file start.pdb (PDB, C-alpha atoms)
MODEL        1
ATOM      1  CA  THR H 564      77.204 139.906  77.228
ATOM      2  CA  LEU H 565      78.646 137.825  74.468
ATOM      3  CA  SER H 566      82.172 137.743  75.914
ATOM      4  CA  SER H 567      81.048 136.499  79.328
ATOM      5  CA  SER H 568      78.892 133.704  77.859
ATOM      6  CA  SER H 569      81.784 132.738  75.596
ATOM      7  CA  ALA H 570      84.108 132.583  78.614
ATOM      8  CA  ALA H 571      81.543 130.465  80.492
ATOM      9  CA  SER H 572      81.319 128.159  77.492
ATOM     10  CA  ASP H 573      85.123 127.747  77.460
ATOM     11  CA  VAL H 574      85.118 126.846  81.172
ATOM     12  CA  TYR H 575      82.307 124.339  80.562
ATOM     13  CA  LYS H 576      84.201 122.702  77.696
ATOM     14  CA  ARG H 577      87.422 122.421  79.713
ATOM     15  CA  GLN H 578      85.620 120.997  82.726
ATOM     16  CA  PHE H 579      83.714 118.303  80.844
ATOM     17  CA  GLN H 580      86.071 117.256  78.101
ATOM     18  CA  GLY H 581      88.417 114.411  78.873
ATOM     19  CA  PRO H 582      92.120 114.764  79.553
ATOM     20  CA  GLY H 583      94.706 115.051  76.812
ATOM     21  CA  LEU H 584      96.966 112.500  78.547
ATOM     22  CA  SER H 585      96.070 108.909  79.324
ATOM     23  CA  ILE H 586      96.461 107.382  82.780
ATOM     24  CA  ARG H 587      99.504 105.472  81.462
ATOM     25  CA  GLU H 588     101.131 108.723  80.267
ATOM     26  CA  VAL H 589     100.512 110.398  83.636
ATOM     27  CA  PHE H 590     101.927 107.330  85.440
ATOM     28  CA  GLU H 591     105.078 107.438  83.314
ATOM     29  CA  ARG H 592     105.557 111.190  83.802
ATOM     30  CA  MET H 593     105.224 110.884  87.574
ATOM     31  CA  GLU H 594     107.809 108.065  87.614
ATOM     32  CA  VAL H 595     110.231 110.232  85.611
ATOM     33  CA  LEU H 596     109.753 112.963  88.238
ATOM     34  CA  GLY H 597     110.791 110.488  90.948
ATOM     35  CA  TYR H 598     107.428 109.520  92.441
ATOM     36  CA  ARG H 599     106.878 105.838  93.156
ATOM     37  CA  ASP H 600     104.290 103.354  94.365
ATOM     38  CA  LEU H 601     101.753 105.229  92.231
ATOM     39  CA  ARG H 602      98.155 104.132  92.631
ATOM     40  CA  GLU H 603      94.604 105.385  92.385
ATOM     41  CA  ILE H 604      95.136 107.624  89.378
ATOM     42  CA  GLU H 605      91.720 109.192  88.833
ATOM     43  CA  TRP H 606      90.326 111.888  86.545
ATOM     44  CA  GLU H 607      88.207 114.270  88.591
ATOM     45  CA  ASP H 608      87.228 117.934  88.283
ATOM     46  CA  GLY H 609      89.502 118.504  85.295
ATOM     47  CA  LEU H 610      92.630 117.095  86.997
ATOM     48  CA  TYR H 611      94.265 113.754  87.568
ATOM     49  CA  GLN H 612      94.526 112.908  91.248
ATOM     50  CA  VAL H 613      97.395 110.520  91.922
ATOM     51  CA  LYS H 614      98.260 108.808  95.200
ATOM     52  CA  GLY H 615     101.856 107.729  95.582
ATOM     53  CA  GLN H 616     105.104 108.344  97.406
ATOM     54  CA  THR H 617     107.985 110.738  97.069
ATOM     55  CA  GLY H 618     111.393 109.296  96.293
ATOM     56  CA  ASP H 619     112.155 109.159 100.034
ATOM     57  CA  GLY H 620     108.928 107.284 100.834
ATOM     58  CA  ARG H 621     106.600 110.041 102.069
ATOM     59  CA  PRO H 622     102.962 109.447 101.014
ATOM     60  CA  VAL H 623     101.521 112.231  98.844
ATOM     61  CA  LYS H 624      98.503 113.067  96.737
ATOM     62  CA  LEU H 625      99.357 114.831  93.490
ATOM     63  CA  TYR H 626      97.057 117.018  91.435
ATOM     64  CA  VAL H 627      98.200 116.797  87.830
ATOM     65  CA  ASP H 628      97.157 118.772  84.755
ATOM     66  CA  GLY H 629      95.616 116.192  82.415
ATOM     67  CA  ASN H 630      96.758 118.014  79.291
ATOM     68  CA  ASN H 631     100.453 118.595  79.941
ATOM     69  CA  GLY H 632     101.347 116.404  82.951
ATOM     70  CA  ASN H 633     102.442 119.289  85.154
ATOM     71  CA  VAL H 634     102.085 118.726  88.891
ATOM     72  CA  LEU H 635      99.865 121.587  90.066
ATOM     73  CA  SER H 636      99.681 120.710  93.756
ATOM     74  CA  ILE H 637     101.186 118.202  96.174
ATOM     75  CA  ARG H 638      99.553 117.292  99.480
ATOM     76  CA  ALA H 639     100.976 115.087 102.223
ATOM     77  CA  ARG H 640      98.720 112.175 103.124
ATOM     78  CA  ASN H 641      98.696 109.673 105.953
TER      79      ASN H 641
ENDMDL
END

call {"tool": "encode", "arguments": {"input": "start.pdb", "output": "structure tokens"}}
result
Amino acid sequence: TLSSSSAASDVYKRQFQGPGLSIREVFERMEVLGYRDLREIEWEDGLYQVKGQTGDGRPVKLYVDGNNGNVLSIRARN
């Protein structure tokens, strides 16, 4: 149907278009949120993946929306 192909097209566009925010903007937003020692900021699968530390020094991997800078997921890392 037309609506399902249109929805698939929207998913395709979101997946393959670049992020709205630059790496610098994501870096700055994560610093404002209290993350530090930020490194390996990469655009992958429609999200920025950011390795860094929490304010108290715990290593984390952040999954960040590339359009608005919202942290979608936080995972502890070793």

call {"tool": "residues_near_point", "arguments": {"input": "start.pdb", "point": "(99.2, 118.6, 77.7)", "cutoff": "12 Å", "atoms": "only C-alpha atoms", "output": "list in words"}}
result
Gly581, Pro582, Gly583, Leu584, Ser585, Glu588, Val589, Arg592, Leu610, Val627, Asp628, Gly629, Asn630, Asn631, Gly632, Asn633 and Val634 of chain H

call {"tool": "closest_residue", "arguments": {"input": "start.pdb", "among": "H:Ile586, H:Leu635, H:Leu625, H:Gly620", "to": "Asp600 of chain H", "atoms": "all atoms listed in the file"}}
result
H:Gly620

call {"tool": "resolve_selection", "arguments": {"input": "start.pdb", "expression": "the PyMOL selection byres ((chain H and resi 616) around 7)", "output": "ChimeraX atom specification"}}
result
/H:598-601,615,617-618,620-623

call {"tool": "atom_distance", "arguments": {"input": "start.pdb", "atom1": "atom CA of Asp608 of chain H", "atom2": "atom CA of Val595 of chain H"}}
result
24.4 Å

call {"tool": "closest_residue", "arguments": {"input": "start.pdb", "among": "H:Glu594, H:Asp619, H:Tyr626, H:Arg638", "to": "Trp606 of chain H", "atoms": "only C-alpha atoms"}}
result
H:Tyr626

call {"tool": "atom_distance", "arguments": {"input": "start.pdb", "atom1": "atom CA of Phe590 of chain H", "atom2": "atom CA of Ile604 of chain H"}}
result
7.9 Å

call {"tool": "atom_distance", "arguments": {"input": "start.pdb", "atom1": "atom CA of Asn641 of chain H", "atom2": "atom CA of Gly597 of chain H"}}
result
19.3 Å

call {"tool": "build_atoms", "arguments": {"input": "start.pdb", "residues": "segment 612-633 of chain H", "atoms": "N, CA and C atoms", "output": "PDB file, in the coordinates of the input"}}
result
ATOM      1  N   GLN H 612      94.123 113.007  89.858  1.00  0.00           N
ATOM      2  CA  GLN H 612      94.526 112.908  91.248  1.00  0.00           C
ATOM      3  C   GLN H 612      95.279 111.592  91.381  1.00  0.00           C
ATOM      4  N   VAL H 613      96.505 111.676  91.876  1.00  0.00           N
ATOM      5  CA  VAL H 613      97.395 110.520  91.922  1.00  0.00           C
ATOM      6  C   VAL H 613      97.899 110.324  93.345  1.00  0.00           C
ATOM      7  N   LYS H 614      97.691 109.134  93.891  1.00  0.00           N
ATOM      8  CA  LYS H 614      98.260 108.808  95.200  1.00  0.00           C
ATOM      9  C   LYS H 614      99.539 108.027  94.966  1.00  0.00           C
ATOM     10  N   GLY H 615     100.574 108.401  95.714  1.00  0.00           N
ATOM     11  CA  GLY H 615     101.856 107.729  95.582  1.00  0.00           C
ATOM     12  C   GLY H 615     102.791 108.144  96.691  1.00  0.00           C
ATOM     13  N   GLN H 616     104.088 107.984  96.427  1.00  0.00           N
ATOM     14  CA  GLN H 616     105.104 108.344  97.406  1.00  0.00           C
ATOM     15  C   GLN H 616     106.194 109.157  96.743  1.00  0.00           C
ATOM     16  N   THR H 617     106.810 110.022  97.544  1.00  0.00           N
ATOM     17  CA  THR H 617     107.985 110.738  97.069  1.00  0.00           C
ATOM     18  C   THR H 617     109.141 109.746  96.992  1.00  0.00           C
ATOM     19  N   GLY H 618     110.235 110.166  96.410  1.00  0.00           N
ATOM     20  CA  GLY H 618     111.393 109.296  96.293  1.00  0.00           C
ATOM     21  C   GLY H 618     111.919 108.809  97.632  1.00  0.00           C
ATOM     22  N   ASP H 619     111.691 109.584  98.705  1.00  0.00           N
ATOM     23  CA  ASP H 619     112.155 109.159 100.034  1.00  0.00           C
ATOM     24  C   ASP H 619     111.054 108.482 100.855  1.00  0.00           C
ATOM     25  N   GLY H 620     109.946 108.109 100.190  1.00  0.00           N
ATOM     26  CA  GLY H 620     108.928 107.284 100.834  1.00  0.00           C
ATOM     27  C   GLY H 620     107.788 108.002 101.539  1.00  0.00           C
ATOM     28  N   ARG H 621     107.717 109.324 101.429  1.00  0.00           N
ATOM     29  CA  ARG H 621     106.600 110.041 102.069  1.00  0.00           C
ATOM     30  C   ARG H 621     105.344 109.929 101.203  1.00  0.00           C
ATOM     31  N   PRO H 622     104.200 109.559 101.795  1.00  0.00           N
ATOM     32  CA  PRO H 622     102.962 109.447 101.014  1.00  0.00           C
ATOM     33  C   PRO H 622     102.420 110.826 100.621  1.00  0.00           C
ATOM     34  N   VAL H 623     102.037 110.958  99.361  1.00  0.00           N
ATOM     35  CA  VAL H 623     101.521 112.231  98.844  1.00  0.00           C
ATOM     36  C   VAL H 623     100.334 111.983  97.923  1.00  0.00           C
ATOM     37  N   LYS H 624      99.556 113.039  97.744  1.00  0.00           N
ATOM     38  CA  LYS H 624      98.503 113.067  96.737  1.00  0.00           C
ATOM     39  C   LYS H 624      98.865 114.195  95.788  1.00  0.00           C
ATOM     40  N   LEU H 625      98.968 113.870  94.513  1.00  0.00           N
ATOM     41  CA  LEU H 625      99.357 114.831  93.490  1.00  0.00           C
ATOM     42  C   LEU H 625      98.141 115.240  92.681  1.00  0.00           C
ATOM     43  N   TYR H 626      98.086 116.504  92.336  1.00  0.00           N
ATOM     44  CA  TYR H 626      97.057 117.018  91.435  1.00  0.00           C
ATOM     45  C   TYR H 626      97.782 117.407  90.155  1.00  0.00           C
ATOM     46  N   VAL H 627      97.434 116.715  89.071  1.00  0.00           N
ATOM     47  CA  VAL H 627      98.200 116.797  87.830  1.00  0.00           C
ATOM     48  C   VAL H 627      97.321 117.306  86.693  1.00  0.00           C
ATOM     49  N   ASP H 628      97.847 118.264  85.944  1.00  0.00           N
ATOM     50  CA  ASP H 628      97.157 118.772  84.755  1.00  0.00           C
ATOM     51  C   ASP H 628      97.055 117.636  83.736  1.00  0.00           C
ATOM     52  N   GLY H 629      95.844 117.309  83.323  1.00  0.00           N
ATOM     53  CA  GLY H 629      95.616 116.192  82.415  1.00  0.00           C
ATOM     54  C   GLY H 629      96.018 116.455  80.983  1.00  0.00           C
ATOM     55  N   ASN H 630      96.374 117.692  80.661  1.00  0.00           N
ATOM     56  CA  ASN H 630      96.758 118.014  79.291  1.00  0.00           C
ATOM     57  C   ASN H 630      98.260 118.075  79.082  1.00  0.00           C
ATOM     58  N   ASN H 631      99.010 118.472  80.123  1.00  0.00           N
ATOM     59  CA  ASN H 631     100.453 118.595  79.941  1.00  0.00           C
ATOM     60  C   ASN H 631     101.273 117.818  80.965  1.00  0.00           C
ATOM     61  N   GLY H 632     100.631 117.205  81.967  1.00  0.00           N
ATOM     62  CA  GLY H 632     101.347 116.404  82.951  1.00  0.00           C
ATOM     63  C   GLY H 632     102.030 117.184  84.047  1.00  0.00           C
ATOM     64  N   ASN H 633     101.829 118.494  84.094  1.00  0.00           N
ATOM     65  CA  ASN H 633     102.442 119.289  85.154  1.00  0.00           C
ATOM     66  C   ASN H 633     101.787 119.020  86.490  1.00  0.00           C
TER      67      ASN H 633
END
